[in-house]
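data.cif follows; it contains mmCIF, C-alpha atoms.
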data_data
#
loop_
_atom_site.group_PDB
_atom_site.id
_atom_site.type_symbol
_atom_site.label_atom_id
_atom_site.label_comp_id
_atom_site.auth_asym_id
_atom_site.auth_seq_id
_atom_site.Cartn_x
_atom_site.Cartn_y
_atom_site.Cartn_z
ATOM 1 C CA TYR A 34 17.171 -31.372 24.420
ATOM 2 C CA ARG A 35 17.692 -34.807 22.938
ATOM 3 C CA LEU A 36 20.920 -35.349 24.882
ATOM 4 C CA THR A 37 19.213 -34.355 28.122
ATOM 5 C CA ASN A 38 16.225 -36.618 27.285
ATOM 6 C CA GLN A 39 13.758 -33.674 27.208
ATOM 7 C CA LEU A 40 11.497 -35.192 24.567
ATOM 8 C CA LYS A 41 8.697 -32.629 24.796
ATOM 9 C CA LEU A 42 11.070 -29.715 24.325
ATOM 10 C CA GLU A 43 12.814 -31.602 21.513
ATOM 11 C CA ASN A 44 9.515 -32.211 19.700
ATOM 12 C CA ALA A 45 8.447 -28.609 20.179
ATOM 13 C CA SER A 46 11.743 -27.358 18.717
ATOM 14 C CA LEU A 47 11.422 -29.726 15.745
ATOM 15 C CA GLN A 48 7.912 -28.435 15.049
ATOM 16 C CA LYS A 49 9.199 -24.835 15.047
ATOM 17 C CA ILE A 50 11.997 -25.740 12.627
ATOM 18 C CA ILE A 51 9.539 -27.529 10.291
ATOM 19 C CA SER A 52 7.212 -24.500 10.407
ATOM 20 C CA ILE A 53 10.060 -22.124 9.468
ATOM 21 C CA LYS A 54 11.175 -24.432 6.633
ATOM 22 C CA ASN A 55 7.615 -24.537 5.268
ATOM 23 C CA LEU A 56 7.406 -20.745 5.351
ATOM 24 C CA ILE A 57 10.734 -20.465 3.509
ATOM 25 C CA GLN A 58 9.575 -22.979 0.866
ATOM 26 C CA GLN A 59 6.306 -21.076 0.403
ATOM 27 C CA SER A 60 8.247 -17.834 0.012
ATOM 28 C CA SER A 61 10.545 -19.465 -2.566
ATOM 29 C CA LYS A 62 7.580 -20.822 -4.558
ATOM 30 C CA LEU A 63 5.882 -17.417 -4.489
ATOM 31 C CA LYS A 64 9.066 -15.738 -5.732
ATOM 32 C CA GLN A 65 9.384 -18.309 -8.558
ATOM 33 C CA ALA A 66 5.760 -17.786 -9.574
ATOM 34 C CA GLU A 67 6.215 -14.024 -9.606
ATOM 35 C CA ALA A 68 9.382 -14.402 -11.695
ATOM 36 C CA LEU A 69 7.528 -16.592 -14.241
ATOM 37 C CA GLN A 70 4.657 -14.128 -14.378
ATOM 38 C CA PHE A 71 7.037 -11.236 -14.938
ATOM 39 C CA ALA A 72 8.943 -13.181 -17.620
ATOM 40 C CA PHE A 73 5.660 -13.842 -19.458
ATOM 41 C CA ILE A 74 4.628 -10.187 -19.317
ATOM 42 C CA PHE A 75 8.131 -9.067 -20.282
ATOM 43 C CA GLU A 76 8.175 -11.369 -23.336
ATOM 44 C CA LYS A 77 4.713 -10.170 -24.387
ATOM 45 C CA LYS A 78 5.728 -6.529 -24.154
ATOM 46 C CA GLU A 79 8.918 -7.182 -26.115
ATOM 47 C CA LYS A 80 6.870 -8.739 -28.922
ATOM 48 C CA GLU A 81 4.576 -5.708 -28.986
ATOM 49 C CA ILE A 82 7.581 -3.397 -29.230
ATOM 50 C CA GLU A 83 9.115 -5.513 -32.005
ATOM 51 C CA ASP A 84 5.815 -5.457 -33.952
ATOM 52 C CA ALA A 85 5.707 -1.683 -33.575
ATOM 53 C CA ARG A 86 9.262 -1.378 -34.871
ATOM 54 C CA ILE A 87 8.502 -3.597 -37.891
ATOM 55 C CA GLN A 88 5.420 -1.531 -38.709
ATOM 56 C CA GLU A 89 7.458 1.650 -38.412
ATOM 57 C CA GLN A 90 10.091 0.248 -40.810
ATOM 58 C CA GLU A 91 7.383 -0.717 -43.307
ATOM 59 C CA LEU A 92 5.926 2.776 -43.178
ATOM 60 C CA GLN A 93 9.363 4.293 -43.669
ATOM 61 C CA SER A 94 9.990 1.979 -46.636
ATOM 62 C CA GLN A 95 6.654 2.939 -48.180
ATOM 63 C CA LEU A 96 7.485 6.606 -47.733
ATOM 64 C CA ASN A 97 10.841 6.162 -49.441
ATOM 65 C CA LEU A 98 9.163 4.338 -52.335
ATOM 66 C CA ASN A 99 6.557 7.091 -52.684
ATOM 67 C CA SER A 100 9.251 9.729 -52.635
ATOM 68 C CA ARG A 101 11.165 8.017 -55.460
ATOM 69 C CA ARG A 102 8.004 7.744 -57.536
ATOM 70 C CA ILE A 103 7.208 11.405 -56.989
ATOM 71 C CA MET A 104 10.673 12.483 -58.083
ATOM 72 C CA SER A 105 10.497 10.336 -61.222
ATOM 73 C CA LEU A 106 7.060 11.702 -62.115
ATOM 74 C CA ILE A 107 8.221 15.262 -61.560
ATOM 75 C CA GLY A 108 11.129 14.670 -63.959
ATOM 76 C CA ILE A 109 8.802 13.369 -66.703
ATOM 77 C CA VAL A 110 6.282 16.187 -66.216
ATOM 78 C CA GLY A 111 9.100 18.738 -66.340
ATOM 79 C CA PHE A 112 10.013 17.660 -69.878
ATOM 80 C CA LEU A 113 6.409 17.598 -71.189
ATOM 81 C CA LEU A 114 4.639 20.521 -69.589
ATOM 82 C CA ILE A 115 5.273 24.209 -69.751
ATOM 83 C CA SER A 116 6.879 25.931 -66.795
ATOM 84 C CA LEU A 117 3.577 27.280 -65.436
ATOM 85 C CA ILE A 118 1.864 23.892 -65.334
ATOM 86 C CA PHE A 119 5.015 22.394 -63.854
ATOM 87 C CA PHE A 120 4.929 25.012 -61.081
ATOM 88 C CA PHE A 121 1.315 24.223 -60.072
ATOM 89 C CA VAL A 122 1.859 20.471 -60.242
ATOM 90 C CA GLN A 123 4.975 20.809 -58.132
ATOM 91 C CA MET A 124 3.099 22.843 -55.539
ATOM 92 C CA LYS A 125 0.297 20.309 -55.422
ATOM 93 C CA ARG A 126 2.632 17.385 -54.995
ATOM 94 C CA ASN A 127 4.629 19.192 -52.322
ATOM 95 C CA THR A 128 1.420 19.761 -50.402
ATOM 96 C CA LYS A 129 0.557 16.069 -50.642
ATOM 97 C CA THR A 130 4.023 15.047 -49.561
ATOM 98 C CA ARG A 131 3.869 17.397 -46.607
ATOM 99 C CA LYS A 132 0.581 15.870 -45.480
ATOM 100 C CA GLN A 133 2.046 12.381 -45.798
ATOM 101 C CA LEU A 134 5.058 13.427 -43.739
ATOM 102 C CA GLU A 135 2.823 14.989 -41.097
ATOM 103 C CA LYS A 136 0.749 11.810 -40.960
ATOM 104 C CA LEU A 137 3.856 9.657 -40.712
ATOM 105 C CA ASN A 138 5.296 11.873 -37.970
ATOM 106 C CA SER A 139 2.025 11.542 -36.076
ATOM 107 C CA ILE A 140 2.174 7.725 -36.355
ATOM 108 C CA ILE A 141 5.819 7.657 -35.247
ATOM 109 C CA SER A 142 4.993 9.914 -32.294
ATOM 110 C CA GLN A 143 2.167 7.579 -31.236
ATOM 111 C CA LYS A 144 4.457 4.552 -31.475
ATOM 112 C CA ASN A 145 7.149 6.278 -29.426
ATOM 113 C CA THR A 146 4.571 7.119 -26.777
ATOM 114 C CA ALA A 147 3.439 3.478 -26.702
ATOM 115 C CA ILE A 148 7.037 2.255 -26.365
ATOM 116 C CA GLU A 149 7.772 4.699 -23.536
ATOM 117 C CA SER A 150 4.590 3.617 -21.750
ATOM 118 C CA SER A 151 5.568 -0.038 -22.136
ATOM 119 C CA LEU A 152 9.048 0.604 -20.734
ATOM 120 C CA LYS A 153 7.560 2.422 -17.738
ATOM 121 C CA GLN A 154 5.225 -0.506 -17.090
ATOM 122 C CA LYS A 155 8.186 -2.910 -17.147
ATOM 123 C CA GLU A 156 10.104 -0.715 -14.733
ATOM 124 C CA VAL A 157 7.113 -0.642 -12.366
ATOM 125 C CA LEU A 158 6.840 -4.440 -12.561
ATOM 126 C CA LEU A 159 10.540 -4.867 -11.771
ATOM 127 C CA LYS A 160 10.276 -2.501 -8.817
ATOM 128 C CA GLU A 161 7.239 -4.415 -7.559
ATOM 129 C CA ILE A 162 9.169 -7.702 -7.780
ATOM 130 C CA HIS A 163 12.070 -6.243 -5.773
ATOM 131 C CA HIS A 164 9.546 -4.904 -3.240
ATOM 132 C CA ARG A 165 7.887 -8.299 -2.813
ATOM 133 C CA VAL A 166 11.209 -10.121 -2.512
ATOM 134 C CA LYS A 167 12.258 -7.599 0.152
ATOM 135 C CA ASN A 168 8.981 -8.153 2.032
ATOM 136 C CA ASN A 169 9.433 -11.941 1.922
ATOM 137 C CA LEU A 170 12.973 -11.656 3.266
ATOM 138 C CA GLN A 171 11.774 -9.269 5.989
ATOM 139 C CA MET A 172 9.164 -11.871 6.958
ATOM 140 C CA ILE A 173 11.895 -14.500 7.302
ATOM 141 C CA SER A 174 13.944 -12.034 9.370
ATOM 142 C CA SER A 175 10.945 -11.418 11.641
ATOM 143 C CA LEU A 176 10.432 -15.163 12.097
ATOM 144 C CA LEU A 177 14.087 -15.534 13.044
ATOM 145 C CA ASN A 178 13.681 -12.657 15.492
ATOM 146 C CA LEU A 179 10.755 -14.443 17.149
ATOM 147 C CA GLN A 180 12.847 -17.584 17.387
ATOM 148 C CA ILE A 181 15.740 -15.622 18.904
ATOM 149 C CA SER A 182 13.489 -14.354 21.695
ATOM 150 C CA LYS A 183 12.519 -17.941 22.538
ATOM 151 C CA VAL A 184 16.040 -19.412 22.616
ATOM 152 C CA ASP A 185 17.983 -19.515 25.888
ATOM 153 C CA ASN A 186 21.166 -21.112 24.566
ATOM 154 C CA ASP A 187 23.711 -18.353 23.805
ATOM 155 C CA PHE A 188 25.400 -20.313 21.009
ATOM 156 C CA ALA A 189 22.105 -20.990 19.251
ATOM 157 C CA LYS A 190 20.951 -17.403 19.766
ATOM 158 C CA ASN A 191 24.152 -15.994 18.237
ATOM 159 C CA ALA A 192 23.822 -18.364 15.279
ATOM 160 C CA LEU A 193 20.250 -17.167 14.668
ATOM 161 C CA ILE A 194 21.348 -13.524 14.954
ATOM 162 C CA ASP A 195 24.089 -14.126 12.359
ATOM 163 C CA GLY A 196 21.585 -15.778 10.043
ATOM 164 C CA GLN A 197 19.183 -12.883 10.494
ATOM 165 C CA SER A 198 21.945 -10.408 9.581
ATOM 166 C CA ARG A 199 22.646 -12.323 6.359
ATOM 167 C CA VAL A 200 18.965 -12.306 5.395
ATOM 168 C CA GLN A 201 18.768 -8.565 6.084
ATOM 169 C CA ALA A 202 21.870 -7.967 3.935
ATOM 170 C CA ILE A 203 20.108 -9.527 0.938
ATOM 171 C CA ALA A 204 16.823 -7.744 1.716
ATOM 172 C CA LEU A 205 18.597 -4.366 1.752
ATOM 173 C CA VAL A 206 19.740 -4.861 -1.859
ATOM 174 C CA HIS A 207 16.154 -5.338 -3.037
ATOM 175 C CA GLN A 208 14.967 -2.425 -0.878
ATOM 176 C CA ASN A 209 17.575 -0.064 -2.382
ATOM 177 C CA LEU A 210 16.721 -1.213 -5.916
ATOM 178 C CA TYR A 211 13.027 -0.613 -5.230
ATOM 179 C CA LEU A 212 13.728 2.930 -4.000
ATOM 180 C CA SER A 213 16.327 3.730 -6.691
ATOM 181 C CA ASN A 214 15.630 5.417 -10.027
ATOM 182 C CA ASP A 215 18.001 2.939 -11.697
ATOM 183 C CA ILE A 216 16.782 -0.602 -10.984
ATOM 184 C CA SER A 217 19.957 -2.201 -12.374
ATOM 185 C CA GLN A 218 22.437 -0.669 -9.909
ATOM 186 C CA ILE A 219 22.549 0.662 -6.344
ATOM 187 C CA SER A 220 24.760 3.133 -4.499
ATOM 188 C CA PHE A 221 27.367 1.214 -2.516
ATOM 189 C CA HIS A 222 27.728 3.997 0.077
ATOM 190 C CA GLU A 223 24.007 4.025 0.918
ATOM 191 C CA TYR A 224 23.802 0.236 0.939
ATOM 192 C CA ALA A 225 26.845 -0.207 3.198
ATOM 193 C CA LYS A 226 25.562 2.468 5.595
ATOM 194 C CA ASN A 227 22.155 0.784 6.018
ATOM 195 C CA LEU A 228 23.876 -2.579 6.369
ATOM 196 C CA ILE A 229 26.170 -1.466 9.198
ATOM 197 C CA GLU A 230 23.330 0.321 11.009
ATOM 198 C CA ASN A 231 21.331 -2.936 11.034
ATOM 199 C CA ILE A 232 24.331 -4.884 12.359
ATOM 200 C CA LEU A 233 24.986 -2.361 15.137
ATOM 201 C CA ARG A 234 21.339 -2.444 16.229
ATOM 202 C CA ALA A 235 21.494 -6.239 16.443
ATOM 203 C CA GLN A 236 24.798 -6.229 18.390
ATOM 204 C CA ASN A 237 23.631 -3.560 20.880
ATOM 205 C CA ARG A 238 27.000 -1.774 21.155
ATOM 206 C CA ASP A 239 27.248 2.011 21.563
ATOM 207 C CA ASN A 240 31.062 2.408 21.361
ATOM 208 C CA ILE A 241 31.422 1.491 17.677
ATOM 209 C CA THR A 242 32.039 4.057 14.935
ATOM 210 C CA TYR A 243 32.441 3.589 11.202
ATOM 211 C CA GLN A 244 33.457 5.433 8.051
ATOM 212 C CA ILE A 245 32.437 4.641 4.461
ATOM 213 C CA SER A 246 34.267 6.081 1.438
ATOM 214 C CA SER A 247 32.855 5.313 -1.997
ATOM 215 C CA LYS A 248 30.999 6.979 -4.871
ATOM 216 C CA LEU A 249 30.621 3.809 -6.961
ATOM 217 C CA THR A 250 27.494 1.884 -7.918
ATOM 218 C CA LEU A 251 27.227 -1.898 -8.158
ATOM 219 C CA GLU A 252 24.953 -4.343 -9.930
ATOM 220 C CA ILE A 253 22.606 -6.578 -7.947
ATOM 221 C CA ASP A 254 24.616 -9.853 -7.945
ATOM 222 C CA THR A 255 27.843 -8.188 -6.817
ATOM 223 C CA SER A 256 25.954 -6.122 -4.220
ATOM 224 C CA VAL A 257 24.381 -9.192 -2.604
ATOM 225 C CA THR A 258 27.735 -11.011 -2.325
ATOM 226 C CA LEU A 259 29.619 -7.964 -1.022
ATOM 227 C CA GLY A 260 26.793 -7.311 1.445
ATOM 228 C CA LEU A 261 27.197 -10.811 2.881
ATOM 229 C CA ILE A 262 30.986 -10.367 3.027
ATOM 230 C CA ILE A 263 30.654 -7.025 4.847
ATOM 231 C CA THR A 264 28.167 -8.578 7.273
ATOM 232 C CA GLU A 265 30.558 -11.407 8.142
ATOM 233 C CA ILE A 266 33.579 -9.099 8.515
ATOM 234 C CA ILE A 267 31.814 -6.501 10.681
ATOM 235 C CA THR A 268 30.195 -9.205 12.810
ATOM 236 C CA ASN A 269 33.574 -10.904 13.311
ATOM 237 C CA SER A 270 35.210 -7.585 14.223
ATOM 238 C CA ILE A 271 32.569 -6.917 16.874
ATOM 239 C CA LYS A 272 32.628 -10.460 18.286
ATOM 240 C CA HIS A 273 36.409 -10.606 18.665
ATOM 241 C CA SER A 274 36.869 -7.038 19.938
ATOM 242 C CA ASN A 275 37.045 -5.863 23.525
ATOM 243 C CA SER A 276 33.544 -4.640 24.423
ATOM 244 C CA GLU A 277 35.009 -1.948 26.704
ATOM 245 C CA LYS A 278 37.367 -0.580 24.035
ATOM 246 C CA PRO A 279 35.967 1.714 21.296
ATOM 247 C CA LEU A 280 35.927 -0.012 17.912
ATOM 248 C CA HIS A 281 36.302 1.879 14.617
ATOM 249 C CA VAL A 282 35.583 0.270 11.234
ATOM 250 C CA GLU A 283 36.541 1.777 7.873
ATOM 251 C CA ILE A 284 35.062 0.638 4.539
ATOM 252 C CA LEU A 285 36.508 1.800 1.221
ATOM 253 C CA LEU A 286 35.450 0.854 -2.320
ATOM 254 C CA ARG A 287 37.546 2.363 -5.125
ATOM 255 C CA LYS A 288 39.027 1.603 -8.535
ATOM 256 C CA ASN A 289 42.704 0.776 -8.978
ATOM 257 C CA GLU A 290 44.974 1.797 -11.861
ATOM 258 C CA ILE A 291 43.475 -0.837 -14.207
ATOM 259 C CA SER A 292 39.853 0.048 -13.346
ATOM 260 C CA ARG A 293 39.229 -2.952 -11.088
ATOM 261 C CA ASN A 294 37.084 -2.382 -8.008
ATOM 262 C CA ILE A 295 38.870 -2.907 -4.677
ATOM 263 C CA LEU A 296 36.957 -3.337 -1.402
ATOM 264 C CA ILE A 297 38.972 -2.582 1.751
ATOM 265 C CA ILE A 298 37.585 -3.169 5.254
ATOM 266 C CA ARG A 299 39.764 -2.556 8.311
ATOM 267 C CA ASP A 300 39.271 -2.113 12.055
ATOM 268 C CA ASN A 301 41.320 -1.225 15.132
ATOM 269 C CA GLY A 302 40.384 -4.349 17.090
ATOM 270 C CA SER A 303 42.657 -6.771 18.889
ATOM 271 C CA GLY A 304 43.259 -8.895 15.759
ATOM 272 C CA PHE A 305 44.315 -12.549 15.728
ATOM 273 C CA ASP A 306 47.361 -14.741 15.099
ATOM 274 C CA MET A 307 47.806 -15.166 11.335
ATOM 275 C CA ASP A 308 50.008 -18.246 11.899
ATOM 276 C CA GLN A 309 47.050 -20.038 13.503
ATOM 277 C CA LEU A 310 44.508 -18.967 10.852
ATOM 278 C CA ASP A 311 44.343 -22.343 9.087
ATOM 279 C CA VAL A 312 44.096 -24.190 12.408
ATOM 280 C CA ASN A 313 41.533 -21.965 14.137
ATOM 281 C CA LYS A 314 39.587 -20.888 11.050
ATOM 282 C CA THR A 315 36.091 -19.775 12.088
ATOM 283 C CA LEU A 316 32.875 -20.145 10.133
ATOM 284 C CA GLY A 317 32.947 -16.395 9.410
ATOM 285 C CA ILE A 318 36.431 -16.572 7.848
ATOM 286 C CA LYS A 319 35.397 -19.591 5.789
ATOM 287 C CA LEU A 320 32.320 -17.751 4.508
ATOM 288 C CA ILE A 321 34.376 -14.667 3.612
ATOM 289 C CA GLN A 322 36.836 -16.792 1.621
ATOM 290 C CA LEU A 323 34.055 -18.765 -0.081
ATOM 291 C CA LEU A 324 32.036 -15.652 -1.027
ATOM 292 C CA SER A 325 35.165 -13.943 -2.380
ATOM 293 C CA LYS A 326 35.879 -17.002 -4.489
ATOM 294 C CA ASN A 327 32.302 -17.067 -5.818
ATOM 295 C CA ILE A 328 32.713 -13.588 -7.356
ATOM 296 C CA LYS A 329 36.276 -14.475 -8.518
ATOM 297 C CA GLY A 330 37.770 -11.903 -6.163
ATOM 298 C CA ASP A 331 41.312 -11.918 -4.788
ATOM 299 C CA LEU A 332 41.235 -11.824 -0.953
ATOM 300 C CA LYS A 333 44.148 -10.499 1.094
ATOM 301 C CA LEU A 334 43.902 -10.753 4.897
ATOM 302 C CA GLN A 335 46.218 -9.099 7.409
ATOM 303 C CA SER A 336 45.865 -8.996 11.195
ATOM 304 C CA SER A 337 47.926 -7.802 14.136
ATOM 305 C CA ASP A 338 47.470 -6.387 17.642
ATOM 306 C CA SER A 339 46.510 -3.024 16.118
ATOM 307 C CA GLY A 340 43.668 -4.371 13.988
ATOM 308 C CA THR A 341 42.582 -6.476 11.011
ATOM 309 C CA SER A 342 42.448 -5.556 7.318
ATOM 310 C CA TYR A 343 40.576 -7.301 4.474
ATOM 311 C CA GLU A 344 41.266 -6.369 0.838
ATOM 312 C CA ILE A 345 39.198 -7.905 -1.975
ATOM 313 C CA THR A 346 40.062 -7.128 -5.598
ATOM 314 C CA LEU A 347 37.075 -7.785 -7.868
ATOM 315 C CA PRO A 348 37.418 -9.042 -11.465
ATOM 316 C CA ALA A 349 37.390 -6.460 -14.275
#

Before we go any further, please render this structure as structure tokens.
Amino acid sequence: YRLTNQLKLENASLQKIISIKNLIQQSSKLKQAEALQFAFIFEKKEKEIEDARIQEQELQSQLNLNSRRIMSLIGIVGFLLISLIFFFVQMKRNTKTRKQLEKLNSIISQKNTAIESSLKQKEVLLKEIHHRVKNNLQMISSLLNLQISKVDNDFAKNALIDGQSRVQAIALVHQNLYLSNDISQISFHEYAKNLIENILRAQNRDNITYQISSKLTLEIDTSVTLGLIITEIITNSIKHSNSEKPLHVEILLRKNEISRNILIIRDNGSGFDMDQLDVNKTLGIKLIQLLSKNIKGDLKLQSSDSGTSYEITLPA
């Protein structure tokens, strides 16, 4: 707009960009505030648990001390009293000890219940944080979608679509963690499936098939990075493939002989000239290499007329 001297359209576009930036900054501040609030609650709960453990140790120590005293007293009484008196005293003290043990067991049971309740509360808080982060990312994705519908330039529209796919890749991690029973790891197969379905809906192609083979789970940081890598690779495969020719994509995550995870993504597209890779390196290829380097992964890329293959070996 600036080059064509369309000042009104240029100003309008700048206002939209500023509005989106403000929304992103507000979302980031909200996420930071929620993280600080959770950290405060988490630290408070940890202190309560530690106090409960200290109290339990003190009670156990007192019980051990009482037990030693009882045994010493029984030994003295055994030498001084006749067998009948010793029998009644022993019975009486056993009854007292049993009541003390029952009381102590009751206290321990109450403390265990309190600890379990505290852990459940923390898990609920973590799930709520993942849910809110996912909602914020979905809001950004929706804003990008609105912007896409208003853009006429194909290059700009494709760039916004790519950015929306990357935001959705991150949002899917938080969505899967929120729905999962284990909030520290997610199923790679389920995550990759949802990721590809979102990409295919955005690309509007009906002659693309895919296959995912994996039974592994991944932690959140690795999942986010691999999700972005998969998004870039699948998007590149679709962009550089013949729209009239069926495209098949295969994704495999497995362990090698030394228990290192290996991610393999291959397609049957038209491929590209490997000799010209450094000269004609696209933004997608650069992102794939950079993201692989960030997780200290070894990237191997092969391409020919029969398709392209990416192999990323993750650190142990």

Computed interatomic separation between CA of Gln65 in chain A and CA of Val166 in chain A (Å):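 Here the two named atoms are 10.3 Å from each other.
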
Sel. within 12 Å of pt (6.8, -0.5, -35.4), counting all atoms listed in the file, output as an MDAnalysis selection string: chainID A and resid 79:94 137 140:148

Residues near Arg35 in chain A, cut-off 12 Å, all atoms listed in the file, skip fewer than 2 positions along chain, as an MDAnalysis selection string: chainID A and resid 37:47

Option closest in space to Gly317 in chain A, from A:Ser220, A:Thr264, A:Thr258, A:Ser116 [counting all atoms listed in the file]: A:Thr264

Residue with smallest distance to His281 in chain A - pool A:Ser256, A:Gly302, A:Leu316, A:Thr242, counting only C-alpha atoms: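 The answer is A:Thr242, which sits nearest to His281 in chain A.
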